[in-house]
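S.K.: Below is the file start21.cif, which contains mmCIF, C-alpha atoms.
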data_query
loop_
_atom_site.group_PDB
_atom_site.id
_atom_site.type_symbol
_atom_site.label_atom_id
_atom_site.label_comp_id
_atom_site.auth_asym_id
_atom_site.auth_seq_id
_atom_site.Cartn_x
_atom_site.Cartn_y
_atom_site.Cartn_z
ATOM 1 C CA TRP A 202 0.000 0.000 0.000
ATOM 2 C CA ALA A 203 1.103 3.520 -0.614
ATOM 3 C CA TYR A 204 -0.735 6.539 0.680
ATOM 4 C CA GLU A 205 -0.341 10.211 0.058
ATOM 5 C CA GLY A 206 2.452 11.614 2.192
ATOM 6 C CA THR A 207 4.157 8.269 2.756
ATOM 7 C CA GLU A 208 6.696 8.626 -0.066
ATOM 8 C CA ASP A 209 5.309 5.421 -1.637
ATOM 9 C CA LYS A 210 6.738 3.292 1.177
ATOM 10 C CA PRO A 211 4.582 0.399 2.328
ATOM 11 C CA TYR A 212 3.376 0.544 5.891
ATOM 12 C CA GLU A 213 0.903 -1.161 8.105
ATOM 13 C CA GLN A 214 -2.261 0.812 8.616
ATOM 14 C CA TYR A 215 -2.554 1.866 12.287
ATOM 15 C CA GLY A 216 0.682 -0.021 13.099
ATOM 16 C CA ALA A 217 -1.116 -2.216 15.598
ATOM 17 C CA SER A 218 0.358 -5.594 14.678
ATOM 18 C CA PRO A 219 3.325 -6.922 12.727
ATOM 19 C CA SER A 220 2.860 -8.768 9.468
ATOM 20 C CA PRO A 221 5.211 -10.972 7.432
ATOM 21 C CA ASP A 222 4.825 -8.614 4.452
ATOM 22 C CA TYR A 223 5.914 -5.549 6.400
ATOM 23 C CA PRO A 224 8.042 -6.639 9.352
ATOM 24 C CA SER A 225 8.583 -4.195 12.146
ATOM 25 C CA GLU A 226 11.466 -4.066 14.574
ATOM 26 C CA ILE A 227 10.824 -5.911 17.816
ATOM 27 C CA GLU A 228 11.226 -3.833 20.925
ATOM 28 C CA THR A 229 12.848 -5.601 23.848
ATOM 29 C CA VAL A 230 12.473 -5.101 27.546
ATOM 30 C CA GLY A 231 15.846 -4.595 29.172
ATOM 31 C CA SER A 232 15.323 -2.898 32.476
ATOM 32 C CA ASN A 233 12.670 -5.033 34.136
ATOM 33 C CA VAL A 234 13.935 -8.559 33.544
ATOM 34 C CA ASN A 235 13.386 -10.963 36.456
ATOM 35 C CA LEU A 236 16.875 -11.856 37.741
ATOM 36 C CA PHE A 237 15.679 -14.638 40.075
ATOM 37 C CA ASP A 238 15.394 -18.183 38.699
ATOM 38 C CA LYS A 239 13.399 -20.278 41.179
ATOM 39 C CA ASP A 240 14.393 -23.452 39.298
ATOM 40 C CA ASN A 241 18.173 -22.869 39.547
ATOM 41 C CA GLN A 242 19.562 -24.388 42.760
ATOM 42 C CA ASP A 243 22.647 -22.126 42.443
ATOM 43 C CA MET A 244 20.334 -19.223 43.317
ATOM 44 C CA PHE A 245 19.705 -20.602 46.805
ATOM 45 C CA LEU A 246 22.021 -20.522 49.790
ATOM 46 C CA ASN A 247 21.650 -24.187 50.747
ATOM 47 C CA GLY A 248 22.567 -25.354 54.244
ATOM 48 C CA LEU A 249 23.344 -21.818 55.407
ATOM 49 C CA ILE A 250 21.008 -19.162 56.765
ATOM 50 C CA PRO A 251 21.846 -15.576 57.750
ATOM 51 C CA ASP A 252 20.581 -14.571 61.173
ATOM 52 C CA ASN A 253 18.578 -11.356 61.449
ATOM 53 C CA ALA A 254 21.738 -9.269 61.900
ATOM 54 C CA GLY A 255 23.559 -10.844 58.934
ATOM 55 C CA LYS A 256 25.837 -13.496 60.424
ATOM 56 C CA ILE A 257 25.851 -16.709 58.366
ATOM 57 C CA GLN A 258 24.857 -19.801 60.327
ATOM 58 C CA VAL A 259 24.469 -23.460 59.486
ATOM 59 C CA GLY A 260 20.786 -24.214 59.048
ATOM 60 C CA ASP A 261 18.476 -26.448 57.097
ATOM 61 C CA THR A 262 16.303 -24.956 54.418
ATOM 62 C CA ASP A 263 12.734 -25.893 55.231
ATOM 63 C CA THR A 264 10.247 -25.850 52.367
ATOM 64 C CA ASN A 265 7.221 -27.512 53.944
ATOM 65 C CA VAL A 266 3.747 -26.562 52.772
ATOM 66 C CA SER A 267 3.052 -24.000 55.496
ATOM 67 C CA LYS A 268 6.455 -23.520 57.140
ATOM 68 C CA TYR A 269 9.485 -22.478 55.139
ATOM 69 C CA LEU A 270 12.917 -20.935 55.415
ATOM 70 C CA VAL A 271 14.971 -20.201 52.313
ATOM 71 C CA THR A 272 17.653 -17.724 51.256
ATOM 72 C CA ILE A 273 17.917 -16.572 47.647
ATOM 73 C CA ILE A 274 21.317 -15.394 46.349
ATOM 74 C CA VAL A 275 21.431 -13.394 43.092
ATOM 75 C CA PRO A 276 24.361 -11.594 41.415
ATOM 76 C CA CYS A 277 24.011 -7.801 41.497
ATOM 77 C CA LEU A 278 25.896 -4.695 40.489
ATOM 78 C CA PRO A 279 27.536 -2.397 43.035
ATOM 79 C CA SER A 280 25.971 1.018 43.696
ATOM 80 C CA SER A 281 22.762 0.031 41.928
ATOM 81 C CA THR A 282 19.055 0.071 42.683
ATOM 82 C CA TYR A 283 16.873 -3.033 42.610
ATOM 83 C CA ILE A 284 13.244 -3.811 43.326
ATOM 84 C CA ILE A 285 12.191 -7.038 44.979
ATOM 85 C CA SER A 286 8.520 -7.873 44.620
ATOM 86 C CA ARG A 287 6.394 -10.633 46.067
ATOM 87 C CA TYR A 288 3.077 -11.062 44.287
ATOM 88 C CA VAL A 289 1.319 -13.258 46.864
ATOM 89 C CA GLU A 290 0.934 -12.777 50.595
ATOM 90 C CA GLY A 291 3.716 -14.097 52.762
ATOM 91 C CA LYS A 292 5.579 -13.477 55.967
ATOM 92 C CA THR A 293 8.819 -11.758 56.844
ATOM 93 C CA PHE A 294 11.826 -11.394 54.589
ATOM 94 C CA PHE A 295 15.262 -9.835 55.020
ATOM 95 C CA VAL A 296 17.474 -8.431 52.251
ATOM 96 C CA TYR A 297 21.270 -8.528 52.579
ATOM 97 C CA GLU A 298 24.253 -7.884 50.333
ATOM 98 C CA SER A 299 27.606 -9.625 50.074
ATOM 99 C CA SER A 300 30.859 -9.096 48.219
ATOM 100 C CA LYS A 301 31.300 -12.862 47.772
ATOM 101 C CA LYS A 302 29.158 -15.855 46.815
ATOM 102 C CA ASP A 303 31.040 -18.660 48.550
ATOM 103 C CA LEU A 304 29.796 -17.958 52.058
ATOM 104 C CA LYS A 305 30.530 -20.123 55.080
ATOM 105 C CA ALA A 306 29.332 -20.229 58.682
ATOM 106 C CA GLY A 307 30.616 -17.242 60.635
ATOM 107 C CA ASP A 308 30.806 -14.874 57.633
ATOM 108 C CA ASN A 309 29.051 -11.540 57.960
ATOM 109 C CA ILE A 310 26.850 -9.979 55.299
ATOM 110 C CA THR A 311 25.247 -6.548 55.339
ATOM 111 C CA LEU A 312 21.575 -6.193 56.249
ATOM 112 C CA LEU A 313 19.860 -3.780 53.846
ATOM 113 C CA LYS A 314 16.173 -4.133 54.678
ATOM 114 C CA ARG A 315 13.667 -6.035 56.799
ATOM 115 C CA ASN A 316 10.049 -6.336 55.689
ATOM 116 C CA ASP A 317 7.341 -7.608 58.028
ATOM 117 C CA ASN A 318 4.450 -6.835 55.668
ATOM 118 C CA THR A 319 2.330 -9.945 55.152
ATOM 119 C CA GLY A 320 0.673 -8.540 52.043
ATOM 120 C CA ILE A 321 1.928 -8.146 48.498
ATOM 121 C CA ILE A 322 5.091 -6.032 48.565
ATOM 122 C CA ASN A 323 7.573 -4.078 46.491
ATOM 123 C CA GLU A 324 10.807 -3.018 48.190
ATOM 124 C CA LYS A 325 13.494 -0.778 46.713
ATOM 125 C CA ILE A 326 17.072 -1.750 47.610
ATOM 126 C CA THR A 327 20.245 0.192 46.830
ATOM 127 C CA THR A 328 23.504 -1.737 46.932
ATOM 128 C CA SER A 329 26.833 -0.440 48.232
ATOM 129 C CA ALA A 330 29.980 0.062 46.180
ATOM 130 C CA TYR A 331 31.197 -3.396 47.307
ATOM 131 C CA ALA A 332 28.082 -5.469 46.616
ATOM 132 C CA LYS A 333 28.268 -8.395 44.219
ATOM 133 C CA TYR A 334 25.332 -10.481 45.511
ATOM 134 C CA LEU A 335 21.891 -9.779 46.920
ATOM 135 C CA LEU A 336 20.537 -12.289 49.424
ATOM 136 C CA VAL A 337 16.879 -12.493 50.354
ATOM 137 C CA LYS A 338 15.878 -14.614 53.347
ATOM 138 C CA ILE A 339 12.197 -15.518 53.174
ATOM 139 C CA TYR A 340 10.519 -17.431 55.949
ATOM 140 C CA ASN A 341 7.316 -18.316 57.692
ATOM 141 C CA THR A 342 7.333 -20.001 61.067
ATOM 142 C CA TYR A 343 3.578 -20.129 61.619
ATOM 143 C CA GLU A 344 1.576 -23.311 61.143
ATOM 144 C CA VAL A 345 -1.147 -21.598 59.123
ATOM 145 C CA GLU A 346 -0.064 -19.634 56.055
ATOM 146 C CA PRO A 347 -2.315 -18.563 53.175
ATOM 147 C CA ASN A 348 0.259 -19.635 50.567
ATOM 148 C CA THR A 349 2.642 -22.563 50.280
ATOM 149 C CA TYR A 350 6.392 -22.228 49.861
ATOM 150 C CA ASN A 351 6.041 -22.950 46.141
ATOM 151 C CA ASP A 352 3.326 -20.287 45.742
ATOM 152 C CA LEU A 353 5.518 -17.727 47.461
ATOM 153 C CA ILE A 354 8.815 -18.539 45.744
ATOM 154 C CA SER A 355 7.051 -18.599 42.363
ATOM 155 C CA SER A 356 5.833 -15.042 42.934
ATOM 156 C CA VAL A 357 9.215 -13.408 43.636
ATOM 157 C CA LYS A 358 10.630 -10.944 41.123
ATOM 158 C CA LEU A 359 13.998 -9.244 41.523
ATOM 159 C CA GLU A 360 14.681 -6.577 38.921
ATOM 160 C CA LYS A 361 17.154 -3.775 38.349
ATOM 161 C CA GLY A 362 15.668 -0.297 38.580
ATOM 162 C CA SER A 363 13.520 1.703 40.952
ATOM 163 C CA VAL A 364 10.009 0.999 39.632
ATOM 164 C CA ALA A 365 8.236 -2.288 40.299
ATOM 165 C CA THR A 366 6.748 -3.922 37.219
ATOM 166 C CA PRO A 367 4.287 -6.818 36.918
ATOM 167 C CA TYR A 368 5.559 -10.339 37.569
ATOM 168 C CA SER A 369 7.460 -12.061 34.783
ATOM 169 C CA PRO A 370 9.332 -15.391 34.751
ATOM 170 C CA TYR A 371 13.122 -15.560 35.065
ATOM 171 C CA GLY A 372 14.998 -13.878 32.220
ATOM 172 C CA MET A 373 11.884 -12.106 30.952
ATOM 173 C CA GLY A 374 10.495 -8.655 31.461
ATOM 174 C CA SER A 375 6.983 -7.379 31.347
ATOM 175 C CA VAL A 376 5.571 -4.977 28.814
ATOM 176 C CA GLU A 377 2.652 -2.679 29.365
ATOM 177 C CA ILE A 378 0.405 -3.033 26.338
ATOM 178 C CA ASP A 379 -1.412 -0.003 24.993
ATOM 179 C CA VAL A 380 -4.343 -0.860 22.784
ATOM 180 C CA VAL A 381 -4.683 1.524 19.857
ATOM 181 C CA ASN A 382 -7.987 1.140 18.099
ATOM 182 C CA ASN A 383 -11.386 2.692 17.605
ATOM 183 C CA ASN A 384 -14.688 0.929 18.080
#
Kindly return the structure encoded in the file as structure tokens.
M.R.:
Amino acid sequence: WAYEGTEDKPYEQYGASPSPDYPSEIETVGSNVNLFDKDNQDMFLNGLIPDNAGKIQVGDTDTNVSKYLVTIIVPCLPSSTYIISRYVEGKTFFVYESSKKDLKAGDNITLLKRNDNTGIINEKITTSAYAKYLLVKIYNTYEVEPNTYNDLISSVKLEKGSVATPYSPYGMGSVEIDVVNNN
């Protein structure tokens, strides 16, 4: 198709959807990619648990249906801002940073934030100049919990930036879709 004022270049009317005849460049999401992979065991601090002040202790990770204790460890950039979001209700979590991944009992890590909100949350975290890893300890010690460990861990999103975006699986971002049409 060619229309007046288009210099005889084909285009898609209204530009609402791509077509094989007139491909359009795909826009990617780069700033709101979920950095946490719940299926990657390397993203969990197994057999070690930070205490509330940040001292690493030997401890079993408990992932029972209603009681759980787990620590996520995710690479991060120094002097950067991240958002951690939990999209289902849950109990307390602590956010720490570390300059090393290979932690052992007795090591200290830096406490950045404690959240006692049982509802859906978004927390902004800013790392120090020495940070290389973010650690998030998530736990529930009550017998009755509205969500299981799997529900909770499947709702966690850790993303770079200062604005929380909707949940997306590991390695993917979320895109707000604007509908452009007339009825």
S.K.: With the PyMOL selection byres ((chain A and resi 351) around 12) as the selection, what would be picked from this file? Answer as a ChimeraX atom specification, please.
M.R.: /A:239-240,263-271,289,291,339,347-350,352-357
S.K.: For Pro276 in chain A, which of A:Thr311, A:Gln258, A:Gln242, A:Ser300 is the closest residue, counting all atoms listed in the file?
M.R.: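 Closest residue, counting all atoms listed in the file: A:Ser300.
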S.K.: Between A:Leu335, A:Leu236, A:Val364, A:Val259, single out the one closest to Glu298 in chain A, counting all atoms listed in the file.
M.R.: A:Leu335
S.K.: From the set A:Thr319, A:Thr272, A:Ser280, A:Ser286, which residue has the shortest atom-to-atom contact distance to Asn235 in chain A, counting all atoms listed in the file?
M.R.: A:Ser286
S.K.: How many Å lie between CA of Phe245 in chain A and CA of Lys302 in chain A, rounded to one decimal?
M.R.: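 About the pair CA of Phe245 in chain A and CA of Lys302 in chain A: they are 10.6 Å apart.
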S.K.: In Å, with one decimal, what is the gap from CA of Ser329 in chain A to CA of Asn247 in chain A?
M.R.: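 These two atoms are separated by 24.4 Å.
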S.K.: Using only C-alpha atoms, which residues sit within 7 Å of Ile322 in chain A once same-chain residues fewer than 2 positions away are excluded, as a list in words?
M.R.: Ser286, Arg287, Tyr288, Gly320 and Glu324 of chain A
S.K.: Smallest atom-to-atom distance to Leu359 in chain A: which of A:Val296, A:Ile326, A:Leu312, A:Ile285, using all atoms listed in the file?
M.R.: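 Closest residue, counting all atoms listed in the file: A:Ile285.
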S.K.: Edge lengths and centre, in Å to one decimal, as lines of an AutoDock Vina configuration file: that's what I need for the box along x, y and z that holds all listed atoms of range 245-249 of chain A plus 4 Å on each side.
M.R.:
center_x = 21.5
center_y = -22.9
center_z = 51.1
size_x = 11.6
size_y = 12.8
size_z = 16.6
S.K.: Figure out the distance between CA of Cys277 in chain A and CA of Asp243 in chain A, please, to one decimal in Å.
M.R.: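 These atoms are spaced 14.4 Å apart.
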S.K.: Place a sphere of radius 12 Å on (27.5, -12.1, 44.6) in the file coordinates and name every protein, DNA or RNA residue with an atom inside or on its surface, counting all atoms listed in the file; give the answer as a ChimeraX atom specification.
M.R.: /A:243-246,273-279,297-304,310,328,331-336
S.K.: Running the PyMOL selection byres ((chain A and resi 373) around 8) on this model by hand, what would come out? Give it as an MDAnalysis selection string.
M.R.: chainID A and resid 230 233:235 369:372 374:375
S.K.: Near Leu249 in chain A, within 8 Å and counting all atoms listed in the file, which residues show up once chain neighbours fewer than 5 positions away are dropped, as a list in words?
M.R.: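 Here the qualifying residues turn out to be Ile257, Gln258, Val259, Gly260, Asp261, Thr262, Lys305 and Ala306 of chain A.
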S.K.: Take the residues just selected and output them with C-alpha atoms as a CSV table (one decimal), keeping the file's coordinate frame.
M.R.:
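Saved file part_29.csv follows:
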chain,number,residue,atom,x,y,z
A,257,ILE,CA,25.9,-16.7,58.4
A,258,GLN,CA,24.9,-19.8,60.3
A,259,VAL,CA,24.5,-23.5,59.5
A,260,GLY,CA,20.8,-24.2,59.0
A,261,ASP,CA,18.5,-26.4,57.1
A,262,THR,CA,16.3,-25.0,54.4
A,305,LYS,CA,30.5,-20.1,55.1
A,306,ALA,CA,29.3,-20.2,58.7
S.K.: Write out as a PDB file with C-alpha atoms, in the coordinates of the input each polymer residue whose atoms come within 8 Å of Phe294 in chain A, counting all atoms listed in the file; drop sequence neighbours fewer than 6 positions from it.
M.R.:
ATOM      1  CA  ARG A 315      13.667  -6.035  56.799  1.00  0.00           C
ATOM      2  CA  ASN A 316      10.049  -6.336  55.689  1.00  0.00           C
ATOM      3  CA  ASP A 317       7.341  -7.608  58.028  1.00  0.00           C
ATOM      4  CA  VAL A 337      16.879 -12.493  50.354  1.00  0.00           C
ATOM      5  CA  LYS A 338      15.878 -14.614  53.347  1.00  0.00           C
ATOM      6  CA  ILE A 339      12.197 -15.518  53.174  1.00  0.00           C
ATOM      7  CA  TYR A 340      10.519 -17.431  55.949  1.00  0.00           C
TER       8      TYR A 340
END
S.K.: Using all atoms listed in the file, find the one residue out of A:Thr327, A:Ala365, A:Gly248, A:Asn241 that sits nearest to Thr282 in chain A.
M.R.: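 For Thr282 in chain A, the nearest of the given residues is A:Thr327.
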